[in-house]
Every structure is written in C-alpha cells, then in structure tokens.
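A quick write-up on the structure given underneath.
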Amino acid sequence: MIKTTVRDDDPIHHSTDCLVLFCLEEKKPAGLLKELDGRLKGTISSAFENKVFEGKPNQTFWVNTLGALGAKHLLLTGLGKAREMNGEKIRQAAGTAAKLAEKSKSKTLSFAVREGALARIKHPCPGETEPDPACPVAEGSYLALYRFDHYKSKSAEGEENADVRSVESIVLLVARAQHRAVERAAERAAKIASAVVTARDLISHPSNTATPTYLADTARAIAKKHKIACKILDRKEMEKLGMGALLGVARGSHEPPAFIVLEYFGAGKTQPPVVIVGKGITFDTGGISLKPPANMDEMKMDMSGGAATLGTLQAVASLKVKANVVGIVPATENMPGGSAIKPGDILKSMSGKTIEVLNTDAEGRLVLADALAYAARYKPKAIIDLATLTGACIVALGHLAAAVIGSDEKLIRKLSDSAGITGERIWELPLWPEHEKAIKSDIADLKNISGPAFGAGTITGAAFLKAFAGDFPWAHLDIAGTAWTGEAGPYQAKGATGFGVRLLLHYIESGAGRKKS
C-alpha cells in the first residue's frame, strides 16, 4: 500500500505536487474554494461561469497554481449534488483524482478530507460502517492506483518496461483535533484495499501460477498472518467425504485439487457463522465440452469467487470483526484430459444426490455442490456463494451488476443494501418451482444444465445449487459479468475487480460491528 500520512497543514500553504479539493455541484465557488479562487485570480470562478467545471460527479479541473498556493497543482474533483452524497461517490471522486494525478506524474498527492465540500455535508457517508469521509477517500485512491505488473520484465537500465509509478505518497489534510479519527479511517481503508488487492492479484495471475495449490498456499499465508484456522483437504480426504462432484471435475487435470477452509471466530464459537463459498476453478477449458478459443485466456478468472472469499476472510480478520465467518473454496482446474468426465456421466455428490453431467462446461455448480454440502456442517446463520457461473448472467445484466438469487428474502435484502452502499451492485432474479423442475434428470437426481430450450441459464444454475444448500438461509451471487472488466472505472483498472470483498465485508459488519483495535 502507498505510504499515507495524516497532517494538520493549512491546505492553502501545504506543499505538495497535487492538492485535491472535492467540490459539490453548484453555481459558484464557496467556502475554501472561494478563498483559493481569490489567490488564483478568479480561475476557479471563471471555470464555473463558463461551465468548464461545475462539480458534477467525477468531473475534474486541473490548475497550475504558479506559486499562488503551497501546492504545485490544484485538482478540483466533482461530487455531484449534496442531497445525493454517499461514500461511493466519494470513493469514485477520490479514485478519479488519484488516476489523474498519477497520469500527470505527481509524486505527492494530498487530499483535503475535512475541508471544502466534505466539511459542508452533515452526513457524507450514510450507511457506511466507517462514516468518516477519510475512509472512502483513502480507499478509492488506493484501489485506483492498483496495478498488476508482476510479470513485467526489466530493461538493461533497470527500469521497468511499464510506466513508472509516479505517486509515492498520499497525505490526508485535517485539523489537529481530527487527526486520530482520520488516522483510524485511513488504517481501515488500507486493510480493506489490501484484501481487495489480494483478490485482484489471485485473479490476475496466470493459471500456471495460480493453481489450486497456489490458492491453498495463499489461504495458509492469510491464516498465519491473521491467526485464524485453516484446513486444506487433499484428494484422499475428499474421497473419504464422498465429494464425487468436485473430484469428477478434477479428473481431467494433472494439478491436484484442493478444498480450502478458513475459519474466523470473532464472536465466540457458540454463535453460528456466515459461510462464504467461492468457486475456485483456476482455469476453465470447458472440459470435454470445450470452449471456443476466443478469449479463453480470460478463463484464469474463473476462480474469482474463490479469490473474493479469501479476500473477505482477510478483511474480516484484519479488521477484527465481531462475527463468525467461514470461507470455503473448492479449487481445481477443468481440463479435457484422458480421464476427464464426459457428457452423460453420472457423479455422486457429498450430499448423496446423483448428478447427470450433460455439459462439462457447467462445472462450477458441480464443485459448489460439494462445498455447499460441506458448509451445512457449520449449521450456519447464512450461506452465500459467489461464482462466475454463467455467461447468461452477462446477457441479462451486462457488466454492471451481479445477479443474486436465493431462498431467503431477508438475506437478499441485506445483501442488496450492502451492494448499494459499497457500489458493488447486485440485482435479484426470481427462482420459481419451474426452474427447479427444469434441472431434474430422467436417470439421476439432477442434471447439471436444463438445456437451451428452457433458457434462464443463470436461474437454473442457481436452482441446481439450491438443491445442495439445505434449509439454511442461502444466496447465490453470479459474478460472471462483474469479476472482470474490459473498461477502467474511477477506482478500477482493466482486468480483475475483486468484486464481492467490500460487499460481503459490509454485510458481515452491518450485522456484527467491529472490535476496537
């Protein structure tokens, strides 16, 4: 994480390469902005008058101060209307500012987090578990400055062939009385961003690095650092438990599968945990039902649900959340080897239910079937699974939201509330008896696809999973469209998003609270 300091400097005289001031959408400069405008000889008011800058969400205005301020450059970043303010708008504005500052080769980036617009809004972060605006400011800037350049080679001169990172430090400017509160907010933001980065890195690594064993080693490292329990079941242990669905998918690969379990008990072992189950297919060829070659390289991200699960456990443990949380990741490759399962094969799952495999590319639900059955052992408060399960989800919702389908409306409502607050949007789809009937098999208990004639692929995929979730409150998040992006956002680069970590953290915290560090 980029070095961050909290200082009580006056923004007017503070020395930095780039000073960021957040602005509301209004007709003319007010407060500190008006004072800065006087020093800059009307540059800001002129921008407002000519509608060059109006404070609209994520709108920016870059000013070379020419020595009129302590900062070399002033960057105005819009928040939009005061009545529409929330933490997500602040995160996006901070991320937008951080990206522009880096593009402009600023080494020091300073945010006035309790000045200007943020000082004038009574409740800038409604619904946030950390209401201090410094938290989304720091979080947005950390996530915006993320890069995945682990595999970039170095030139003869020792310089990276990638663009050299310019932002070396972030400064949060506050009054002296606010110093400790902002420090705590920044520390929290760093822990959240670090957990998201863990997920993004796992997804971004190629599959010859991020194997099931690599995921298991990462889980062990998280557990060791944060002093939580970790169990890794190998093939023999899975066989003893009767995990025939997961092992069926693993048969075609030379990479050994791993069943990863992380256990965090922040509220004592007597309270039932929330169990997070994440699909961990480290590479998906489709198996015998081979995928077309176009964009198959992106199938390294088919373990995004598993990555988000590990990131979520890291987040709750590092923040010492007063809740019990278990993370389960069934990890394997889906390959078309000589031992691979074939269309028409029948597998017996851990629950005892038999599954007719009609398409080996519908493998995620197979590995999740055994993981959901294992989750029931904890008699959980709720089970939430995340999976890049269906391309149909992208057809339905594009890349703007994940689908949520479940058996418990209260759980879905709480997840939806957290999604709205964190900006990790979800949209509920129905699950009707006809969908469950569509995955009944003629020769086994279930079949792993309903078939093209029925359609509703995202919902029937969830209907299949419901059969293994038991009677516990359960929700399925299909993150196929949100786990990976081809377009950069305010605090998102192209590629892995780490979707789900912040959403699940907020859901868990909003029902539990946090321990004081």
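By order in the structure tokens, chains are A, B, ...; within a chain, residues start at 1; ligands start at 1, following the order shown.
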Residues near stretch 205-220 of chain A, anyone? I mean within 8 Å using only C-alpha atoms, not counting same-chain ones fewer than 6 positions away, as number ranges by chain.
A: 230, 232, 255-260, 262, 280, 282-283, 300, 310, 331-333
How would the residues just picked look written out with N, CA and C atoms as a tab-separated table (two decimals), in the first residue's frame?
```tsv
chain	number	residue	atom	x	y	z
A	230	CYS	N	-7.06	-22.76	9.45
A	230	CYS	CA	-7.04	-23.10	8.03
A	230	CYS	C	-6.95	-24.61	7.87
A	232	ILE	N	-6.84	-27.58	4.72
A	232	ILE	CA	-6.78	-27.87	3.28
A	232	ILE	C	-6.98	-29.37	3.11
A	255	GLU	N	-3.10	-31.12	-12.23
A	255	GLU	CA	-2.96	-30.34	-11.00
A	255	GLU	C	-3.87	-30.95	-9.92
A	256	PRO	N	-3.33	-31.23	-8.74
A	256	PRO	CA	-4.18	-31.78	-7.68
A	256	PRO	C	-5.20	-30.76	-7.19
A	257	PRO	N	-6.41	-31.20	-6.89
A	257	PRO	CA	-7.41	-30.28	-6.36
A	257	PRO	C	-7.12	-29.94	-4.91
A	258	ALA	N	-7.75	-28.89	-4.43
A	258	ALA	CA	-7.60	-28.50	-3.02
A	258	ALA	C	-8.95	-27.98	-2.53
A	259	PHE	N	-9.35	-28.46	-1.36
A	259	PHE	CA	-10.59	-27.97	-0.74
A	259	PHE	C	-10.17	-27.12	0.45
A	260	ILE	N	-10.35	-25.81	0.29
A	260	ILE	CA	-9.79	-24.83	1.23
A	260	ILE	C	-10.86	-24.36	2.20
A	262	LEU	N	-11.21	-21.73	5.58
A	262	LEU	CA	-10.71	-20.75	6.54
A	262	LEU	C	-11.80	-20.49	7.56
A	280	GLY	N	-13.71	-22.02	-7.20
A	280	GLY	CA	-12.26	-21.91	-7.36
A	280	GLY	C	-11.73	-22.66	-8.56
A	282	THR	N	-9.46	-22.74	-11.26
A	282	THR	CA	-8.29	-21.91	-11.57
A	282	THR	C	-8.04	-21.78	-13.07
A	283	PHE	N	-8.57	-22.69	-13.86
A	283	PHE	CA	-8.64	-22.47	-15.30
A	283	PHE	C	-9.75	-23.35	-15.85
A	300	LYS	N	-8.68	-17.77	-16.72
A	300	LYS	CA	-7.93	-17.79	-15.47
A	300	LYS	C	-8.73	-17.13	-14.35
A	310	LEU	N	-11.38	-15.59	-0.19
A	310	LEU	CA	-10.13	-15.43	0.58
A	310	LEU	C	-9.93	-13.97	0.97
A	331	ALA	N	-11.25	-25.90	-5.07
A	331	ALA	CA	-10.33	-25.45	-6.13
A	331	ALA	C	-9.86	-26.61	-6.99
A	332	THR	N	-9.96	-26.41	-8.29
A	332	THR	CA	-9.44	-27.38	-9.26
A	332	THR	C	-9.40	-26.72	-10.63
A	333	GLU	N	-8.75	-27.37	-11.58
A	333	GLU	CA	-8.85	-26.97	-12.99
A	333	GLU	C	-9.96	-27.80	-13.65
```
Would you mind listing what lies within 9 Å of A:Pro133 as a list in words, with only C-alpha atoms counted and same-chain residues fewer than 5 positions away left out?
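Once the adjacent positions are removed, what remains is Gly87, Ile90, Val113, Arg114, Leu118, Pro124, Cys125, Ala138, Val182 and Ala185 of chain A.
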Only N, CA and C atoms, please: the residues just picked out, written as an mmCIF file, in the first residue's frame.
```cif
data_model
loop_
_atom_site.group_PDB
_atom_site.id
_atom_site.type_symbol
_atom_site.label_atom_id
_atom_site.label_comp_id
_atom_site.auth_asym_id
_atom_site.auth_seq_id
_atom_site.Cartn_x
_atom_site.Cartn_y
_atom_site.Cartn_z
ATOM 1 N N GLY A 87 -20.885 7.448 0.319
ATOM 2 C CA GLY A 87 -19.483 7.040 0.316
ATOM 3 C C GLY A 87 -18.982 6.599 -1.035
ATOM 4 N N ILE A 90 -17.849 9.494 -3.073
ATOM 5 C CA ILE A 90 -16.548 9.973 -2.593
ATOM 6 C C ILE A 90 -15.440 9.036 -3.061
ATOM 7 N N VAL A 113 -9.507 16.271 3.315
ATOM 8 C CA VAL A 113 -10.600 15.344 3.604
ATOM 9 C C VAL A 113 -11.639 15.916 4.568
ATOM 10 N N ARG A 114 -11.353 17.020 5.205
ATOM 11 C CA ARG A 114 -12.339 17.634 6.094
ATOM 12 C C ARG A 114 -12.544 19.105 5.736
ATOM 13 N N LEU A 118 -16.661 18.392 1.631
ATOM 14 C CA LEU A 118 -16.826 17.352 2.648
ATOM 15 C C LEU A 118 -17.124 17.950 4.024
ATOM 16 N N PRO A 124 -21.912 12.693 5.133
ATOM 17 C CA PRO A 124 -21.408 12.384 3.784
ATOM 18 C C PRO A 124 -21.420 10.911 3.423
ATOM 19 N N CYS A 125 -21.485 10.014 4.425
ATOM 20 C CA CYS A 125 -21.368 8.584 4.135
ATOM 21 C C CYS A 125 -22.501 7.789 4.773
ATOM 22 N N ALA A 138 -9.478 7.510 1.084
ATOM 23 C CA ALA A 138 -8.267 6.687 1.050
ATOM 24 C C ALA A 138 -8.503 5.388 0.283
ATOM 25 N N VAL A 182 -9.019 10.401 11.668
ATOM 26 C CA VAL A 182 -8.668 10.220 10.260
ATOM 27 C C VAL A 182 -7.594 9.143 10.107
ATOM 28 N N ALA A 185 -9.414 5.933 10.178
ATOM 29 C CA ALA A 185 -10.134 5.736 8.918
ATOM 30 C C ALA A 185 -9.185 5.301 7.810
#
```
Could you give me, as a list in words, the residues within 6 Å of stretch 468-485 of chain A, counting only C-alpha atoms and dropping anything in the same chain fewer than 6 positions from it?
Ala369, Leu372, Ala373, Ala382, Ile383, Ile384, Asp385, Leu386, Ala387, Thr388, Leu389, Ile394, Gly398, His399, Ala402, Ala403, Val404, Ile405, Gly406, Ser407, Asp408, Lys494, Gly495, Ala496, Thr497 and Phe499 of chain A
Would you mind reading off the distance between atom CA of A:Ser349 and atom CA of A:Gly364, one decimal, in Å?
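Computed distance, atom CA of A:Ser349 to atom CA of A:Gly364, equals 13.5 Å.
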Which of stretch 311-486 of chain A counts as strand (DSSP E) under DSSP, as number ranges by chain please?
A: 324-334, 346-348, 354-356, 382-387, 402-406, 426-428, 446-447, 474-478, 484-485
Selection above as a file: N, CA and C atoms, as a CSV table (one decimal), in the first residue's frame:
```csv
chain,number,residue,atom,x,y,z
A,324,ASN,N,-18.6,-14.5,13.3
A,324,ASN,CA,-18.0,-15.7,12.9
A,324,ASN,C,-18.2,-15.9,11.4
A,325,VAL,N,-17.1,-16.2,10.7
A,325,VAL,CA,-17.2,-16.3,9.3
A,325,VAL,C,-16.3,-17.5,8.8
A,326,VAL,N,-16.8,-18.3,8.0
A,326,VAL,CA,-16.1,-19.4,7.4
A,326,VAL,C,-16.0,-19.2,5.9
A,327,GLY,N,-14.8,-19.4,5.4
A,327,GLY,CA,-14.7,-19.3,3.9
A,327,GLY,C,-14.3,-20.7,3.3
A,328,ILE,N,-15.0,-21.1,2.3
A,328,ILE,CA,-14.8,-22.4,1.7
A,328,ILE,C,-14.5,-22.2,0.2
A,329,VAL,N,-13.4,-22.7,-0.3
A,329,VAL,CA,-13.1,-22.6,-1.7
A,329,VAL,C,-12.7,-24.0,-2.3
A,330,PRO,N,-13.6,-24.6,-3.1
A,330,PRO,CA,-13.3,-25.8,-3.8
A,330,PRO,C,-12.5,-25.5,-5.0
A,331,ALA,N,-11.2,-25.9,-5.1
A,331,ALA,CA,-10.3,-25.5,-6.1
A,331,ALA,C,-9.9,-26.6,-7.0
A,332,THR,N,-10.0,-26.4,-8.3
A,332,THR,CA,-9.4,-27.4,-9.3
A,332,THR,C,-9.4,-26.7,-10.6
A,333,GLU,N,-8.7,-27.4,-11.6
A,333,GLU,CA,-8.9,-27.0,-13.0
A,333,GLU,C,-10.0,-27.8,-13.6
A,334,ASN,N,-10.5,-27.3,-14.8
A,334,ASN,CA,-11.4,-28.1,-15.6
A,334,ASN,C,-10.7,-28.3,-16.9
A,346,ILE,N,-22.4,-39.9,-14.8
A,346,ILE,CA,-23.2,-39.6,-13.6
A,346,ILE,C,-22.2,-39.6,-12.4
A,347,LEU,N,-22.3,-38.5,-11.6
A,347,LEU,CA,-21.5,-38.3,-10.4
A,347,LEU,C,-22.3,-38.4,-9.2
A,348,LYS,N,-21.7,-38.9,-8.1
A,348,LYS,CA,-22.4,-38.9,-6.8
A,348,LYS,C,-21.8,-37.8,-5.9
A,354,THR,N,-27.3,-37.7,-6.8
A,354,THR,CA,-26.6,-38.1,-8.0
A,354,THR,C,-26.8,-37.0,-9.1
A,355,ILE,N,-25.8,-36.8,-10.0
A,355,ILE,CA,-25.9,-35.7,-10.9
A,355,ILE,C,-25.5,-36.3,-12.3
A,356,GLU,N,-26.4,-36.1,-13.3
A,356,GLU,CA,-26.1,-36.4,-14.7
A,356,GLU,C,-25.4,-35.2,-15.3
A,382,ALA,N,-26.1,-18.2,7.7
A,382,ALA,CA,-26.4,-17.9,6.3
A,382,ALA,C,-25.3,-18.5,5.5
A,383,ILE,N,-25.6,-18.9,4.3
A,383,ILE,CA,-24.6,-19.4,3.3
A,383,ILE,C,-24.7,-18.5,2.1
A,384,ILE,N,-23.6,-17.9,1.7
A,384,ILE,CA,-23.5,-17.1,0.5
A,384,ILE,C,-22.5,-17.6,-0.5
A,385,ASP,N,-22.9,-18.0,-1.7
A,385,ASP,CA,-21.8,-18.4,-2.6
A,385,ASP,C,-21.6,-17.4,-3.7
A,386,LEU,N,-20.4,-17.3,-4.2
A,386,LEU,CA,-20.0,-16.4,-5.3
A,386,LEU,C,-19.4,-17.2,-6.4
A,387,ALA,N,-19.8,-17.0,-7.6
A,387,ALA,CA,-19.3,-17.8,-8.7
A,387,ALA,C,-19.4,-17.1,-10.0
A,402,ALA,N,-24.0,-7.9,-10.5
A,402,ALA,CA,-24.1,-9.3,-10.3
A,402,ALA,C,-25.5,-9.7,-10.1
A,403,ALA,N,-25.9,-11.0,-10.4
A,403,ALA,CA,-27.2,-11.5,-10.1
A,403,ALA,C,-27.2,-12.1,-8.7
A,404,VAL,N,-28.3,-11.9,-8.0
A,404,VAL,CA,-28.5,-12.5,-6.7
A,404,VAL,C,-29.8,-13.3,-6.7
A,405,ILE,N,-29.7,-14.5,-6.3
A,405,ILE,CA,-30.8,-15.5,-6.3
A,405,ILE,C,-30.7,-16.2,-5.0
A,406,GLY,N,-31.8,-16.4,-4.3
A,406,GLY,CA,-31.7,-17.1,-3.1
A,406,GLY,C,-33.0,-17.6,-2.5
A,426,ILE,N,-25.8,-5.5,-7.1
A,426,ILE,CA,-26.4,-6.8,-7.4
A,426,ILE,C,-27.9,-6.5,-7.8
A,427,TRP,N,-28.5,-7.5,-8.5
A,427,TRP,CA,-29.9,-7.4,-8.9
A,427,TRP,C,-30.5,-8.7,-8.8
A,428,GLU,N,-31.7,-8.8,-8.1
A,428,GLU,CA,-32.3,-10.0,-7.8
A,428,GLU,C,-33.1,-10.6,-9.0
A,446,LEU,N,-30.4,-35.2,-10.4
A,446,LEU,CA,-30.4,-33.9,-11.0
A,446,LEU,C,-29.5,-33.9,-12.3
A,447,LYS,N,-29.7,-33.0,-13.2
A,447,LYS,CA,-28.8,-32.8,-14.3
A,447,LYS,C,-28.2,-31.4,-14.2
A,474,TRP,N,-29.9,-19.0,2.2
A,474,TRP,CA,-28.9,-19.1,1.2
A,474,TRP,C,-29.1,-18.1,0.1
A,475,ALA,N,-28.0,-17.5,-0.4
A,475,ALA,CA,-28.0,-16.6,-1.5
A,475,ALA,C,-26.8,-16.9,-2.4
A,476,HIS,N,-27.1,-16.9,-3.7
A,476,HIS,CA,-26.1,-17.1,-4.7
A,476,HIS,C,-25.8,-15.8,-5.5
A,477,LEU,N,-24.6,-15.5,-5.6
A,477,LEU,CA,-24.2,-14.3,-6.4
A,477,LEU,C,-23.5,-14.8,-7.7
A,478,ASP,N,-24.1,-14.5,-8.8
A,478,ASP,CA,-23.4,-14.9,-10.1
A,478,ASP,C,-22.6,-13.6,-10.5
A,484,TRP,N,-14.6,-9.3,-13.8
A,484,TRP,CA,-13.5,-8.9,-14.8
A,484,TRP,C,-14.1,-7.8,-15.6
A,485,THR,N,-13.3,-6.8,-15.9
A,485,THR,CA,-13.8,-5.8,-16.8
A,485,THR,C,-12.8,-5.4,-17.9
```
All residues 10 Å or closer to A:Ala93, only C-alpha atoms, same chain fewer than 3 positions away omitted, as a PyMOL selection string
chain A and resi 20+22-23+56-60+76-80+87-90+96-98+136-137+140-141+490-491
For the residues in that selection, give me N, CA and C atoms as an mmCIF file, in the first residue's frame.
```cif
data_model
loop_
_atom_site.group_PDB
_atom_site.id
_atom_site.type_symbol
_atom_site.label_atom_id
_atom_site.label_comp_id
_atom_site.auth_asym_id
_atom_site.auth_seq_id
_atom_site.Cartn_x
_atom_site.Cartn_y
_atom_site.Cartn_z
ATOM 1 N N VAL A 20 -5.863 17.921 -3.866
ATOM 2 C CA VAL A 20 -7.203 17.595 -4.343
ATOM 3 C C VAL A 20 -8.234 18.213 -3.411
ATOM 4 N N PHE A 22 -12.446 18.442 -3.064
ATOM 5 C CA PHE A 22 -13.720 17.939 -3.553
ATOM 6 C C PHE A 22 -14.737 19.073 -3.617
ATOM 7 N N CYS A 23 -15.548 19.055 -4.661
ATOM 8 C CA CYS A 23 -16.493 20.155 -4.896
ATOM 9 C C CYS A 23 -17.892 19.616 -5.176
ATOM 10 N N LYS A 56 -19.845 18.342 -11.196
ATOM 11 C CA LYS A 56 -20.598 17.118 -11.490
ATOM 12 C C LYS A 56 -19.785 15.894 -11.068
ATOM 13 N N PRO A 57 -20.445 14.764 -10.806
ATOM 14 C CA PRO A 57 -19.730 13.584 -10.325
ATOM 15 C C PRO A 57 -18.534 13.215 -11.209
ATOM 16 N N ASN A 58 -17.371 13.118 -10.579
ATOM 17 C CA ASN A 58 -16.111 12.706 -11.218
ATOM 18 C C ASN A 58 -15.585 13.683 -12.268
ATOM 19 N N GLN A 59 -16.189 14.858 -12.354
ATOM 20 C CA GLN A 59 -15.658 15.904 -13.234
ATOM 21 C C GLN A 59 -14.404 16.481 -12.584
ATOM 22 N N THR A 60 -13.408 16.840 -13.392
ATOM 23 C CA THR A 60 -12.151 17.357 -12.839
ATOM 24 C C THR A 60 -11.751 18.673 -13.497
ATOM 25 N N LEU A 76 -9.474 20.059 -8.760
ATOM 26 C CA LEU A 76 -10.854 20.064 -8.286
ATOM 27 C C LEU A 76 -11.563 18.829 -8.823
ATOM 28 N N THR A 77 -12.264 18.131 -7.950
ATOM 29 C CA THR A 77 -12.950 16.901 -8.344
ATOM 30 C C THR A 77 -14.392 16.966 -7.884
ATOM 31 N N GLY A 78 -15.333 16.739 -8.799
ATOM 32 C CA GLY A 78 -16.750 16.884 -8.509
ATOM 33 C C GLY A 78 -17.352 15.719 -7.766
ATOM 34 N N LEU A 79 -18.273 16.046 -6.856
ATOM 35 C CA LEU A 79 -19.012 15.045 -6.097
ATOM 36 C C LEU A 79 -20.480 14.954 -6.502
ATOM 37 N N GLY A 80 -20.951 15.932 -7.248
ATOM 38 C CA GLY A 80 -22.367 15.956 -7.585
ATOM 39 C C GLY A 80 -23.161 16.738 -6.551
ATOM 40 N N GLY A 87 -20.885 7.448 0.319
ATOM 41 C CA GLY A 87 -19.483 7.040 0.316
ATOM 42 C C GLY A 87 -18.982 6.599 -1.035
ATOM 43 N N GLU A 88 -19.848 5.990 -1.844
ATOM 44 C CA GLU A 88 -19.435 5.523 -3.165
ATOM 45 C C GLU A 88 -19.078 6.693 -4.067
ATOM 46 N N LYS A 89 -19.828 7.789 -3.995
ATOM 47 C CA LYS A 89 -19.493 8.969 -4.800
ATOM 48 C C LYS A 89 -18.135 9.532 -4.383
ATOM 49 N N ILE A 90 -17.849 9.494 -3.073
ATOM 50 C CA ILE A 90 -16.548 9.973 -2.593
ATOM 51 C C ILE A 90 -15.440 9.036 -3.061
ATOM 52 N N THR A 96 -10.839 8.877 -9.210
ATOM 53 C CA THR A 96 -10.658 9.685 -10.417
ATOM 54 C C THR A 96 -9.499 10.657 -10.250
ATOM 55 N N ALA A 97 -9.446 11.302 -9.086
ATOM 56 C CA ALA A 97 -8.372 12.260 -8.810
ATOM 57 C C ALA A 97 -7.015 11.566 -8.749
ATOM 58 N N ALA A 98 -6.955 10.420 -8.103
ATOM 59 C CA ALA A 98 -5.685 9.703 -7.960
ATOM 60 C C ALA A 98 -5.145 9.271 -9.324
ATOM 61 N N PRO A 136 -13.526 6.446 2.653
ATOM 62 C CA PRO A 136 -13.713 6.256 1.200
ATOM 63 C C PRO A 136 -12.729 7.044 0.355
ATOM 64 N N VAL A 137 -12.220 8.181 0.857
ATOM 65 C CA VAL A 137 -11.197 8.923 0.118
ATOM 66 C C VAL A 137 -9.948 8.056 -0.036
ATOM 67 N N GLY A 140 -10.713 4.734 -2.131
ATOM 68 C CA GLY A 140 -10.819 4.975 -3.558
ATOM 69 C C GLY A 140 -9.476 5.241 -4.205
ATOM 70 N N SER A 141 -8.619 5.997 -3.523
ATOM 71 C CA SER A 141 -7.312 6.308 -4.104
ATOM 72 C C SER A 141 -6.404 5.083 -4.113
ATOM 73 N N PRO A 490 -13.519 4.519 -12.211
ATOM 74 C CA PRO A 490 -12.884 5.530 -11.355
ATOM 75 C C PRO A 490 -11.826 4.963 -10.410
ATOM 76 N N TYR A 491 -12.095 3.800 -9.813
ATOM 77 C CA TYR A 491 -11.055 3.195 -8.961
ATOM 78 C C TYR A 491 -10.791 1.746 -9.373
#
```
Could you jot down the atom CA of A:Arg377 to atom CA of A:Lys269 separation for me, Å, one decimal place?
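Separating atom CA of A:Arg377 from atom CA of A:Lys269 is a distance of 13.7 Å.
Atom CA of A:Arg502 lies 23.8 Å from atom CA of A:Ser169.
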